[in-house]
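So this one's work01.tsv, TSV, C-alpha atoms and all ligand atoms:
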chain	number	residue	atom	x	y	z
A	1	MET	CA	232.93	-48.50	56.72
A	2	LEU	CA	233.68	-52.10	57.58
A	3	VAL	CA	230.60	-53.98	58.77
A	4	THR	CA	231.49	-57.34	60.23
A	5	ASP	CA	230.38	-60.06	62.58
A	6	ASN	CA	233.81	-61.66	62.39
A	7	ILE	CA	236.16	-61.09	65.33
A	8	SER	CA	239.38	-61.83	63.45
A	9	HIS	CA	238.45	-59.44	60.60
A	10	LEU	CA	237.62	-56.84	63.22
A	11	ARG	CA	240.95	-57.31	64.98
A	12	THR	CA	242.87	-57.00	61.71
A	13	ALA	CA	241.21	-53.62	61.08
A	14	ARG	CA	241.57	-52.54	64.71
A	15	TRP	CA	245.30	-53.23	64.79
A	16	ALA	CA	246.20	-52.12	61.23
A	17	ASP	CA	247.73	-49.04	62.83
A	18	PRO	CA	248.68	-50.01	66.39
A	19	ARG	CA	249.26	-46.38	67.38
A	20	ALA	CA	245.81	-45.17	66.31
A	21	THR	CA	243.20	-44.36	68.96
A	22	TRP	CA	239.78	-46.00	68.76
A	23	GLY	CA	236.47	-44.89	70.26
A	24	LEU	CA	233.80	-47.54	70.84
A	25	VAL	CA	230.06	-46.85	71.06
A	26	PRO	CA	228.17	-49.97	72.22
A	27	THR	CA	224.49	-49.97	71.20
A	28	MET	CA	221.50	-52.26	70.75
A	29	GLY	CA	220.68	-50.58	67.42
A	30	PHE	CA	217.51	-48.81	66.27
A	31	LEU	CA	219.64	-45.72	66.46
A	32	HIS	CA	218.49	-42.22	67.34
A	33	GLU	CA	220.12	-38.84	68.04
A	34	GLY	CA	221.22	-40.03	71.52
A	35	HIS	CA	223.37	-42.73	69.93
A	36	LEU	CA	224.61	-40.37	67.22
A	37	ALA	CA	225.71	-37.83	69.84
A	38	LEU	CA	227.93	-40.57	71.31
A	39	VAL	CA	229.32	-41.29	67.84
A	40	ARG	CA	230.10	-37.60	67.28
A	41	ALA	CA	231.84	-37.36	70.66
A	42	ALA	CA	233.87	-40.45	69.76
A	43	LYS	CA	234.80	-39.02	66.37
A	44	THR	CA	236.11	-35.79	67.84
A	45	ALA	CA	238.47	-37.48	70.27
A	46	ASN	CA	239.73	-40.57	68.40
A	47	ASP	CA	241.37	-41.50	65.09
A	48	TYR	CA	238.75	-44.19	64.42
A	49	VAL	CA	235.26	-45.00	65.66
A	50	ALA	CA	233.71	-48.44	66.12
A	51	VAL	CA	230.02	-49.00	66.90
A	52	SER	CA	228.62	-52.31	68.05
A	53	ILE	CA	225.01	-53.22	67.32
A	54	TYR	CA	223.90	-56.16	69.39
A	55	VAL	CA	220.63	-56.85	71.21
A	56	ASN	CA	222.24	-58.77	74.04
A	57	PRO	CA	219.93	-61.53	75.29
A	58	THR	CA	221.67	-61.93	78.66
A	59	GLN	CA	220.56	-58.48	79.83
A	60	PHE	CA	216.85	-59.19	79.23
A	61	ALA	CA	214.73	-61.10	81.74
A	62	PRO	CA	212.41	-63.78	80.24
A	63	THR	CA	209.43	-61.44	80.85
A	64	GLU	CA	211.04	-58.51	79.01
A	65	ASP	CA	210.97	-57.31	75.41
A	66	LEU	CA	213.92	-59.18	73.81
A	67	SER	CA	211.85	-60.64	70.95
A	68	THR	CA	210.03	-57.38	70.17
A	69	TYR	CA	212.96	-54.99	70.70
A	70	PRO	CA	212.93	-52.67	67.63
A	71	ARG	CA	215.53	-53.46	64.96
A	72	ASP	CA	216.40	-51.84	61.61
A	73	LEU	CA	219.97	-52.71	60.63
A	74	GLU	CA	219.86	-51.15	57.15
A	75	ARG	CA	218.71	-47.79	58.53
A	76	ASP	CA	221.29	-47.98	61.35
A	77	LEU	CA	224.12	-48.65	58.90
A	78	ALA	CA	223.06	-45.72	56.68
A	79	LEU	CA	223.09	-43.41	59.73
A	80	LEU	CA	226.50	-44.66	60.84
A	81	ARG	CA	227.93	-44.38	57.33
A	82	ALA	CA	226.70	-40.77	57.14
A	83	ALA	CA	228.22	-40.10	60.57
A	84	GLY	CA	231.63	-41.25	59.34
A	85	VAL	CA	231.94	-44.41	61.45
A	86	ASP	CA	234.83	-46.70	60.50
A	87	LEU	CA	233.76	-50.08	61.81
A	88	VAL	CA	230.44	-51.65	62.82
A	89	PHE	CA	230.46	-54.90	64.78
A	90	THR	CA	227.25	-56.90	64.41
A	91	PRO	CA	227.86	-60.20	66.21
A	92	SER	CA	225.41	-63.11	66.36
A	93	ASN	CA	224.26	-64.78	69.57
A	94	GLU	CA	226.14	-67.93	68.55
A	95	MET	CA	229.39	-65.95	68.38
A	96	MET	CA	228.89	-64.10	71.62
A	97	TYR	CA	227.60	-67.06	73.60
A	98	PRO	CA	228.74	-70.27	71.87
A	99	ALA	CA	227.87	-73.71	73.24
A	100	GLY	CA	229.83	-74.29	76.43
A	101	PHE	CA	229.89	-70.63	77.46
A	102	GLN	CA	229.93	-70.43	81.26
A	103	THR	CA	231.66	-67.24	82.42
A	104	ARG	CA	230.08	-64.44	84.45
A	105	VAL	CA	231.13	-60.83	84.99
A	106	GLU	CA	229.20	-59.24	87.83
A	107	VAL	CA	229.40	-56.03	89.83
A	108	THR	CA	227.77	-57.06	93.06
A	109	GLU	CA	226.70	-54.01	95.06
A	110	ILE	CA	225.62	-50.93	93.12
A	111	THR	CA	223.67	-53.28	90.85
A	112	ARG	CA	221.24	-54.03	93.69
A	113	TYR	CA	219.57	-50.63	93.81
A	114	LEU	CA	217.27	-48.72	91.45
A	115	GLU	CA	217.07	-50.67	88.17
A	116	GLY	CA	218.49	-53.70	89.95
A	117	VAL	CA	215.39	-54.03	92.13
A	118	SER	CA	213.04	-54.35	89.15
A	119	ARG	CA	215.59	-56.00	86.86
A	120	PRO	CA	217.73	-58.21	89.13
A	121	THR	CA	219.56	-60.01	86.29
A	122	HIS	CA	219.96	-57.01	83.97
A	123	PHE	CA	223.36	-55.64	84.97
A	124	ALA	CA	225.08	-59.03	85.01
A	125	GLY	CA	224.15	-59.24	81.32
A	126	VAL	CA	225.36	-55.70	80.67
A	127	THR	CA	228.73	-56.15	82.38
A	128	LEU	CA	229.26	-59.52	80.68
A	129	VAL	CA	228.61	-58.21	77.19
A	130	VAL	CA	230.47	-54.92	77.68
A	131	ALA	CA	233.50	-56.77	79.08
A	132	LYS	CA	233.44	-58.99	75.98
A	133	LEU	CA	233.14	-55.96	73.66
A	134	PHE	CA	236.03	-54.26	75.45
A	135	ASN	CA	238.19	-57.36	75.02
A	136	ILE	CA	237.21	-57.88	71.39
A	137	ILE	CA	237.67	-54.26	70.26
A	138	GLN	CA	240.15	-52.96	72.85
A	139	PRO	CA	239.07	-49.34	72.41
A	140	THR	CA	241.07	-46.38	73.69
A	141	ARG	CA	237.81	-44.78	74.86
A	142	ALA	CA	234.28	-46.11	75.28
A	143	TYR	CA	231.19	-43.87	75.12
A	144	PHE	CA	228.00	-44.25	77.17
A	145	GLY	CA	224.94	-42.07	77.78
A	146	GLN	CA	223.93	-40.49	81.08
A	147	LYS	CA	220.41	-41.66	80.13
A	148	ASP	CA	221.38	-44.98	81.73
A	149	ALA	CA	222.91	-43.43	84.83
A	150	GLN	CA	223.22	-46.62	86.84
A	151	GLN	CA	224.74	-48.46	83.88
A	152	VAL	CA	227.47	-45.82	83.80
A	153	ALA	CA	228.14	-46.23	87.54
A	154	VAL	CA	228.24	-50.02	87.20
A	155	LEU	CA	230.58	-49.92	84.19
A	156	ARG	CA	232.88	-47.42	85.91
A	157	ARG	CA	233.19	-49.87	88.78
A	158	MET	CA	233.86	-52.76	86.39
A	159	VAL	CA	236.53	-50.82	84.46
A	160	GLN	CA	238.26	-49.95	87.70
A	161	ASP	CA	237.92	-53.37	89.32
A	162	LEU	CA	239.05	-55.34	86.26
A	163	ASN	CA	241.78	-52.87	85.14
A	164	PHE	CA	240.37	-52.32	81.66
A	165	ASN	CA	242.88	-50.12	79.88
A	166	LEU	CA	240.47	-47.54	78.49
A	167	GLU	CA	238.76	-44.27	79.30
A	168	LEU	CA	235.03	-44.33	79.91
A	169	VAL	CA	233.35	-41.19	78.53
A	170	VAL	CA	229.83	-40.21	79.59
A	171	CYS	CA	227.66	-38.00	77.33
A	172	PRO	CA	224.57	-35.96	78.33
A	173	ILE	CA	220.99	-37.13	77.78
A	174	VAL	CA	219.61	-36.16	74.36
A	175	ARG	CA	215.91	-35.25	74.45
A	176	GLU	CA	213.07	-34.70	71.99
A	177	PRO	CA	212.07	-31.01	71.66
A	178	ASP	CA	209.29	-31.55	74.22
A	179	GLY	CA	211.67	-33.03	76.80
A	180	LEU	CA	211.12	-36.78	76.39
A	181	ALA	CA	214.49	-38.55	76.66
A	182	MET	CA	215.27	-40.28	73.37
A	183	SER	CA	215.06	-44.07	73.57
A	184	SER	CA	214.65	-46.89	71.06
A	185	ARG	CA	211.70	-48.00	73.22
A	186	ASN	CA	209.84	-44.72	72.51
A	187	LYS	CA	208.76	-46.48	69.31
A	188	TYR	CA	206.40	-48.59	71.43
A	189	LEU	CA	204.47	-45.50	72.62
A	190	ALA	CA	201.10	-45.46	70.85
A	191	GLY	CA	198.65	-42.57	70.53
A	192	ALA	CA	198.04	-40.82	73.85
A	193	GLU	CA	200.95	-42.67	75.45
A	194	ARG	CA	203.47	-40.41	73.74
A	195	GLN	CA	202.01	-37.35	75.48
A	196	ALA	CA	201.63	-39.22	78.78
A	197	ALA	CA	205.35	-40.10	78.65
A	198	LEU	CA	206.16	-36.42	79.28
A	199	VAL	CA	205.24	-37.05	82.92
A	200	LEU	CA	208.78	-38.35	83.54
A	201	ARG	CA	210.29	-35.03	82.51
A	202	ARG	CA	207.62	-33.14	84.51
A	203	ALA	CA	208.52	-35.11	87.65
A	204	LEU	CA	212.25	-34.36	87.17
A	205	ASP	CA	211.48	-30.67	86.51
A	206	ALA	CA	209.46	-30.57	89.74
A	207	ALA	CA	212.39	-32.08	91.66
A	208	GLU	CA	214.79	-29.51	90.20
A	209	ALA	CA	212.37	-26.66	90.96
A	210	ALA	CA	211.91	-27.86	94.55
A	211	VAL	CA	215.67	-27.95	95.10
A	212	ALA	CA	216.05	-24.51	93.49
A	213	SER	CA	213.46	-23.11	95.89
A	214	GLY	CA	215.40	-24.46	98.86
A	215	GLN	CA	213.77	-27.84	99.59
A	216	THR	CA	216.37	-30.16	101.15
A	217	ASP	CA	214.08	-32.99	102.33
A	218	ALA	CA	214.53	-35.78	99.76
A	219	GLU	CA	211.39	-37.64	100.84
A	220	ALA	CA	209.24	-34.54	100.31
A	221	ILE	CA	210.57	-34.33	96.74
A	222	ARG	CA	210.02	-38.06	96.13
A	223	ALA	CA	206.43	-37.63	97.36
A	224	GLU	CA	205.84	-34.74	94.97
A	225	MET	CA	207.23	-36.78	92.07
A	226	ARG	CA	205.05	-39.78	93.00
A	227	GLY	CA	202.02	-37.47	93.09
A	228	LEU	CA	202.69	-36.23	89.57
A	229	ILE	CA	203.04	-39.78	88.23
A	230	ALA	CA	199.86	-40.88	90.05
A	231	ALA	CA	197.97	-38.00	88.40
A	232	GLU	CA	198.77	-39.31	84.90
A	233	PRO	CA	196.19	-42.04	84.11
A	234	LEU	CA	198.36	-43.90	81.55
A	235	ALA	CA	201.40	-43.99	83.86
A	236	LYS	CA	202.26	-46.56	86.50
A	237	LEU	CA	205.21	-45.82	88.75
A	238	ASP	CA	207.98	-48.40	89.14
A	239	TYR	CA	210.25	-46.27	91.34
A	240	VAL	CA	211.42	-42.76	92.13
A	241	SER	CA	214.83	-42.39	93.70
A	242	ILE	CA	216.98	-39.64	95.12
A	243	ALA	CA	220.34	-41.20	95.74
A	244	ASP	CA	223.96	-40.35	96.35
A	245	ALA	CA	225.30	-39.91	92.82
A	246	GLN	CA	228.34	-42.11	93.53
A	247	THR	CA	227.06	-44.91	95.78
A	248	LEU	CA	223.44	-44.89	94.50
A	249	VAL	CA	222.23	-45.30	98.08
A	250	GLU	CA	218.99	-43.44	98.87
A	251	VAL	CA	219.49	-40.20	100.81
A	252	GLU	CA	217.40	-38.18	103.23
A	253	GLU	CA	218.93	-34.81	102.48
A	254	ILE	CA	219.69	-32.88	99.32
A	255	ALA	CA	223.38	-32.04	99.78
A	256	GLY	CA	226.26	-32.45	97.34
A	257	GLU	CA	225.67	-34.41	94.14
A	258	ARG	CA	222.37	-36.30	93.95
A	259	LEU	CA	220.99	-38.56	91.25
A	260	VAL	CA	217.23	-38.07	90.86
A	261	SER	CA	215.91	-40.95	88.77
A	262	LEU	CA	212.70	-42.75	88.00
A	263	ALA	CA	211.22	-45.65	86.07
A	264	VAL	CA	207.62	-45.47	84.89
A	265	PHE	CA	205.42	-47.78	82.83
A	266	ILE	CA	203.49	-45.92	80.16
A	267	GLY	CA	201.05	-48.61	79.14
A	268	ARG	CA	203.35	-51.61	78.71
A	269	THR	CA	206.46	-49.56	77.91
A	270	ARG	CA	208.94	-49.08	80.72
A	271	LEU	CA	210.76	-45.74	80.49
A	272	ILE	CA	213.60	-44.36	82.62
A	273	ASP	CA	214.99	-40.87	83.00
A	274	ASN	CA	217.16	-38.94	85.45
A	275	VAL	CA	218.86	-35.70	86.33
A	276	ILE	CA	221.85	-34.92	88.52
A	277	ILE	CA	221.34	-32.10	90.98
A	278	HIS	CA	224.04	-30.27	92.92
A	279	ARG	CA	223.58	-28.29	96.09
A	301	LIG	P1	220.99	-48.67	73.87
A	301	LIG	O1	221.07	-48.89	72.41
A	301	LIG	O2	219.64	-48.21	74.34
A	301	LIG	O3	221.57	-49.80	74.67
A	301	LIG	O4	221.93	-47.42	74.17
A	301	LIG	C1	223.27	-47.40	73.75
A	301	LIG	C2	223.96	-46.25	74.38
A	301	LIG	O5	223.31	-45.03	74.03
A	301	LIG	C3	223.95	-46.30	75.93
A	301	LIG	O6	225.20	-45.85	76.42
A	301	LIG	C4	222.84	-45.34	76.28
A	301	LIG	O7	222.99	-44.75	77.56
A	301	LIG	C5	223.00	-44.30	75.19
A	301	LIG	N1	221.76	-43.56	75.04
A	301	LIG	C6	220.52	-44.07	74.81
A	301	LIG	N2	219.61	-43.08	74.77
A	301	LIG	C7	220.28	-41.93	74.98
A	301	LIG	C8	219.89	-40.55	75.07
A	301	LIG	N3	218.62	-40.17	74.92
A	301	LIG	N4	220.85	-39.64	75.30
A	301	LIG	C9	222.15	-40.01	75.45
A	301	LIG	N5	222.57	-41.29	75.38
A	301	LIG	C10	221.65	-42.23	75.15
Taking this structure as input, can you express it in the form of structure tokens?
Amino acid sequence: MLVTDNISHLRTARWADPRATWGLVPTMGFLHEGHLALVRAAKTANDYVAVSIYVNPTQFAPTEDLSTYPRDLERDLALLRAAGVDLVFTPSNEMMYPAGFQTRVEVTEITRYLEGVSRPTHFAGVTLVVAKLFNIIQPTRAYFGQKDAQQVAVLRRMVQDLNFNLELVVCPIVREPDGLAMSSRNKYLAGAERQAALVLRRALDAAEAAVASGQTDAEAIRAEMRGLIAAEPLAKLDYVSIADAQTLVEVEEIAGERLVSLAVFIGRTRLIDNVIIHR
């Protein structure tokens, strides 16, 4: 497994066999089963797998957790080695954003909703860094998790709009046995917060159950979800959304494919989760 922060070394390895297919899994490290599921999916479909580990400063607002974001490179590399990864790209900030850097990559519309309301600068950082990673590694396929549903929608748009020559592959959300979606940020959850965090899953379960029992009024479902969050003392709601799964615009009726998503603070930790429902 080649571990490098050097773009020309990376390119030499990437193009050693120009006909080989490469899967890329972009991550911010502190890896868990959700990341490893992406790696496994990449391994099955490609000759080689590259993983990037980079806590990208441009996608964090000044008030967010950039400096405290959990990191453990040695553990990550051991997991990736065991998973049979071929190349790990670990760039520095100076390499990604050298003095004089002044280019933006922005998707302007679907970035305004949901996460974009609370994190208005977030997706511009994501699209910028992912566009750079795509150009540096030039993967055949790139793997992302449905956990970050809006990120997937935004990156799909970017790939289409900028003609990136790759296939974007989306993998299902990996959960802890009790239903909590895996996240590097779960490490922040202390004591009773870990149990309180299950309220996200409970709210999504309630939405699914309501739809299964014939409820088609989206606002009634949002209200039920808000009620469940309000009943959990350690939780503070950021948003609940029931949106068109393609446009991410809020809907009134449950019909077709809907993205039910929410963001909730558990103490100081902001968690997100979602489910797609069809009717
Ligand atoms: P991150 O390191 O949090 O930026 O995540 C890197 C990639 O892993 C993103 O595409 C995430 O959507 C994906 N991911 C994170 N958590 C999960 C999860 N629980 N299940 C599936 N994919 C995940």
Check your understanding: Which neighbours of Arg112 of chain A fall inside 10 Å, counting only C-alpha atoms, when residues of the same chain fewer than 4 positions from it are skipped, and could you give them as a PyMOL selection string?
Key -> chain A and resi 107-108+116-121+123+248-249
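Distances here use all atoms listed in the file; by that measure, the residue among A:Gln246, A:Thr21, A:Gln215, A:Gln150 closest to Ser261 of chain A is A:Gln150.
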Practice item. Using all atoms listed in the file, pick whichever of A:Val85, A:Arg11, A:Gly145, A:Val199 has the shortest atom-to-atom distance to Leu271 of chain A. Key: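 So, comparing all the options, the nearest one is A:Val199.
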Would you give me, as JSON lines, each residue of chain A having an atom within 10 Å of an atom of ligand LIG 301 (chain A), along with its shortest atom pair and that distance in Å to one decimal, using all atoms listed in the file and sorting by chain and residue number?
{"residue": "A:Val25", "atom": "CA", "partner": "A:LIG301", "partner_atom": "C2", "distance": 7.0}
{"residue": "A:Pro26", "atom": "CA", "partner": "A:LIG301", "partner_atom": "C1", "distance": 5.7}
{"residue": "A:Thr27", "atom": "CA", "partner": "A:LIG301", "partner_atom": "O1", "distance": 3.8}
{"residue": "A:Met28", "atom": "CA", "partner": "A:LIG301", "partner_atom": "O1", "distance": 3.8}
{"residue": "A:Gly29", "atom": "CA", "partner": "A:LIG301", "partner_atom": "O1", "distance": 5.3}
{"residue": "A:Phe30", "atom": "CA", "partner": "A:LIG301", "partner_atom": "O1", "distance": 7.1}
{"residue": "A:Leu31", "atom": "CA", "partner": "A:LIG301", "partner_atom": "O1", "distance": 6.9}
{"residue": "A:His32", "atom": "CA", "partner": "A:LIG301", "partner_atom": "N2", "distance": 7.6}
{"residue": "A:Glu33", "atom": "CA", "partner": "A:LIG301", "partner_atom": "N3", "distance": 7.2}
{"residue": "A:Gly34", "atom": "CA", "partner": "A:LIG301", "partner_atom": "N4", "distance": 3.8}
{"residue": "A:His35", "atom": "CA", "partner": "A:LIG301", "partner_atom": "O5", "distance": 4.7}
{"residue": "A:Leu36", "atom": "CA", "partner": "A:LIG301", "partner_atom": "O5", "distance": 8.4}
{"residue": "A:Ala37", "atom": "CA", "partner": "A:LIG301", "partner_atom": "C9", "distance": 7.0}
{"residue": "A:Leu38", "atom": "CA", "partner": "A:LIG301", "partner_atom": "N5", "distance": 6.8}
{"residue": "A:Val39", "atom": "CA", "partner": "A:LIG301", "partner_atom": "O5", "distance": 9.4}
{"residue": "A:Val51", "atom": "CA", "partner": "A:LIG301", "partner_atom": "C1", "distance": 9.7}
{"residue": "A:Ser52", "atom": "CA", "partner": "A:LIG301", "partner_atom": "C1", "distance": 9.2}
{"residue": "A:Ile53", "atom": "CA", "partner": "A:LIG301", "partner_atom": "O1", "distance": 7.8}
{"residue": "A:Tyr54", "atom": "CA", "partner": "A:LIG301", "partner_atom": "O1", "distance": 8.4}
{"residue": "A:Val55", "atom": "CA", "partner": "A:LIG301", "partner_atom": "O3", "distance": 7.9}
{"residue": "A:Asn56", "atom": "CA", "partner": "A:LIG301", "partner_atom": "O3", "distance": 9.0}
{"residue": "A:Val126", "atom": "CA", "partner": "A:LIG301", "partner_atom": "O3", "distance": 9.2}
{"residue": "A:Ala142", "atom": "CA", "partner": "A:LIG301", "partner_atom": "O6", "distance": 9.2}
{"residue": "A:Tyr143", "atom": "CA", "partner": "A:LIG301", "partner_atom": "O6", "distance": 6.4}
{"residue": "A:Phe144", "atom": "CA", "partner": "A:LIG301", "partner_atom": "O6", "distance": 3.3}
{"residue": "A:Gly145", "atom": "CA", "partner": "A:LIG301", "partner_atom": "O7", "distance": 3.3}
{"residue": "A:Gln146", "atom": "CA", "partner": "A:LIG301", "partner_atom": "O7", "distance": 5.6}
{"residue": "A:Lys147", "atom": "CA", "partner": "A:LIG301", "partner_atom": "O7", "distance": 4.8}
{"residue": "A:Asp148", "atom": "CA", "partner": "A:LIG301", "partner_atom": "O7", "distance": 4.5}
{"residue": "A:Ala149", "atom": "CA", "partner": "A:LIG301", "partner_atom": "O7", "distance": 7.4}
{"residue": "A:Gln150", "atom": "CA", "partner": "A:LIG301", "partner_atom": "O7", "distance": 9.5}
{"residue": "A:Gln151", "atom": "CA", "partner": "A:LIG301", "partner_atom": "O7", "distance": 7.5}
{"residue": "A:Val152", "atom": "CA", "partner": "A:LIG301", "partner_atom": "O6", "distance": 7.7}
{"residue": "A:Val169", "atom": "CA", "partner": "A:LIG301", "partner_atom": "O6", "distance": 9.6}
{"residue": "A:Val170", "atom": "CA", "partner": "A:LIG301", "partner_atom": "O6", "distance": 8.0}
{"residue": "A:Cys171", "atom": "CA", "partner": "A:LIG301", "partner_atom": "C9", "distance": 6.2}
{"residue": "A:Pro172", "atom": "CA", "partner": "A:LIG301", "partner_atom": "C9", "distance": 5.5}
{"residue": "A:Ile173", "atom": "CA", "partner": "A:LIG301", "partner_atom": "N4", "distance": 3.5}
{"residue": "A:Val174", "atom": "CA", "partner": "A:LIG301", "partner_atom": "N4", "distance": 3.8}
{"residue": "A:Arg175", "atom": "CA", "partner": "A:LIG301", "partner_atom": "N3", "distance": 5.6}
{"residue": "A:Glu176", "atom": "CA", "partner": "A:LIG301", "partner_atom": "N3", "distance": 8.3}
{"residue": "A:Leu180", "atom": "CA", "partner": "A:LIG301", "partner_atom": "N3", "distance": 8.4}
{"residue": "A:Ala181", "atom": "CA", "partner": "A:LIG301", "partner_atom": "N3", "distance": 4.8}
{"residue": "A:Met182", "atom": "CA", "partner": "A:LIG301", "partner_atom": "N3", "distance": 3.7}
{"residue": "A:Ser183", "atom": "CA", "partner": "A:LIG301", "partner_atom": "N2", "distance": 4.8}
{"residue": "A:Ser184", "atom": "CA", "partner": "A:LIG301", "partner_atom": "O2", "distance": 6.1}
{"residue": "A:Arg185", "atom": "CA", "partner": "A:LIG301", "partner_atom": "O2", "distance": 8.0}
{"residue": "A:Ile272", "atom": "CA", "partner": "A:LIG301", "partner_atom": "N2", "distance": 10.0}
{"residue": "A:Asp273", "atom": "CA", "partner": "A:LIG301", "partner_atom": "N3", "distance": 8.9}
Study note, to complete from the structure: The distance between atom CA of Leu155 of chain A and atom CA of Ala218 of chain A is 26.5 Å
Check your understanding: So which residues touch Arg226 of chain A within 9 Å, counting all atoms listed in the file, skipping near sequence neighbours fewer than 2 positions away, as an NGL selection string?
Key -> :A and (203 or 221-224 or 228-231 or 237 or 239-240)
Review point. Of the candidates A:Gln102, A:Asn46, A:Thr90, A:Asn186, which one gets nearest to Tyr69 of chain A if we count all atoms listed in the file?
Key: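 The closest residue to Tyr69 of chain A is A:Asn186.
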